[in-house]
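Let me begin by presenting the structure, written as structure tokens, before commenting on it.
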Amino acid sequence: VSMGAIPHLAIGPGAALLVGFFGGCLSCVGFTHIGPFLEARISLRDTCGVHSLHGMPGVYAGVVGIITLAAMGPPGAAVAELLTLLVSLVVAIGGGLAVGAASMFIDAEPSTEKRAILAFEDASYFDSVPPEP
């Protein structure tokens, strides 16, 4: 994700490895420490790992892009990259808030009748797996 967010920058293989390595480290820290912290503090449940896998490395890559463009890019490119990062954050946070608000209207505890309709038992299709004791 980190290198995919800044492919337009002409950086060498060493810099690409460094950016990717730190993006991967940030993702791991997000899964092990930041995600549980956010869940405990503000009840933010990242059920798909989007925050740690795509969000944090993507923002990190945006910051790397801004710094790189400020140092080596054409005039105004760093400002354009900063504005792009800000627009991306607004869209991501706004979309997350909208989906979170909409999900509050979903029935979290379906009735027994609904559960029976929604349930699908596929154990009969997997005869190679031994049954649990």
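Within each chain, counting starts at residue 1; across the structure tokens, chains are named A, B, ... in the order shown, with ligands numbered 1 upward in that order.
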
Polymer residues at most 12 Å from A:Phe31, only C-alpha atoms, same-chain spacing of 2 or more positions, as number ranges by chain:
A: 24-29, 33-39, 45-57

Please provide the set of residues having any atom within 10 Å of stretch 61-68 of chain A, restricted to only C-alpha atoms, with same-chain residues fewer than 4 positions apart removed, written as a ChimeraX atom specification.
/A:1-11,19-20,22-23,55-57,72-73,77-86,88

So how far away is atom CA of A:Gly30 from atom CA of A:Gly14, in Å?
24.2 Å
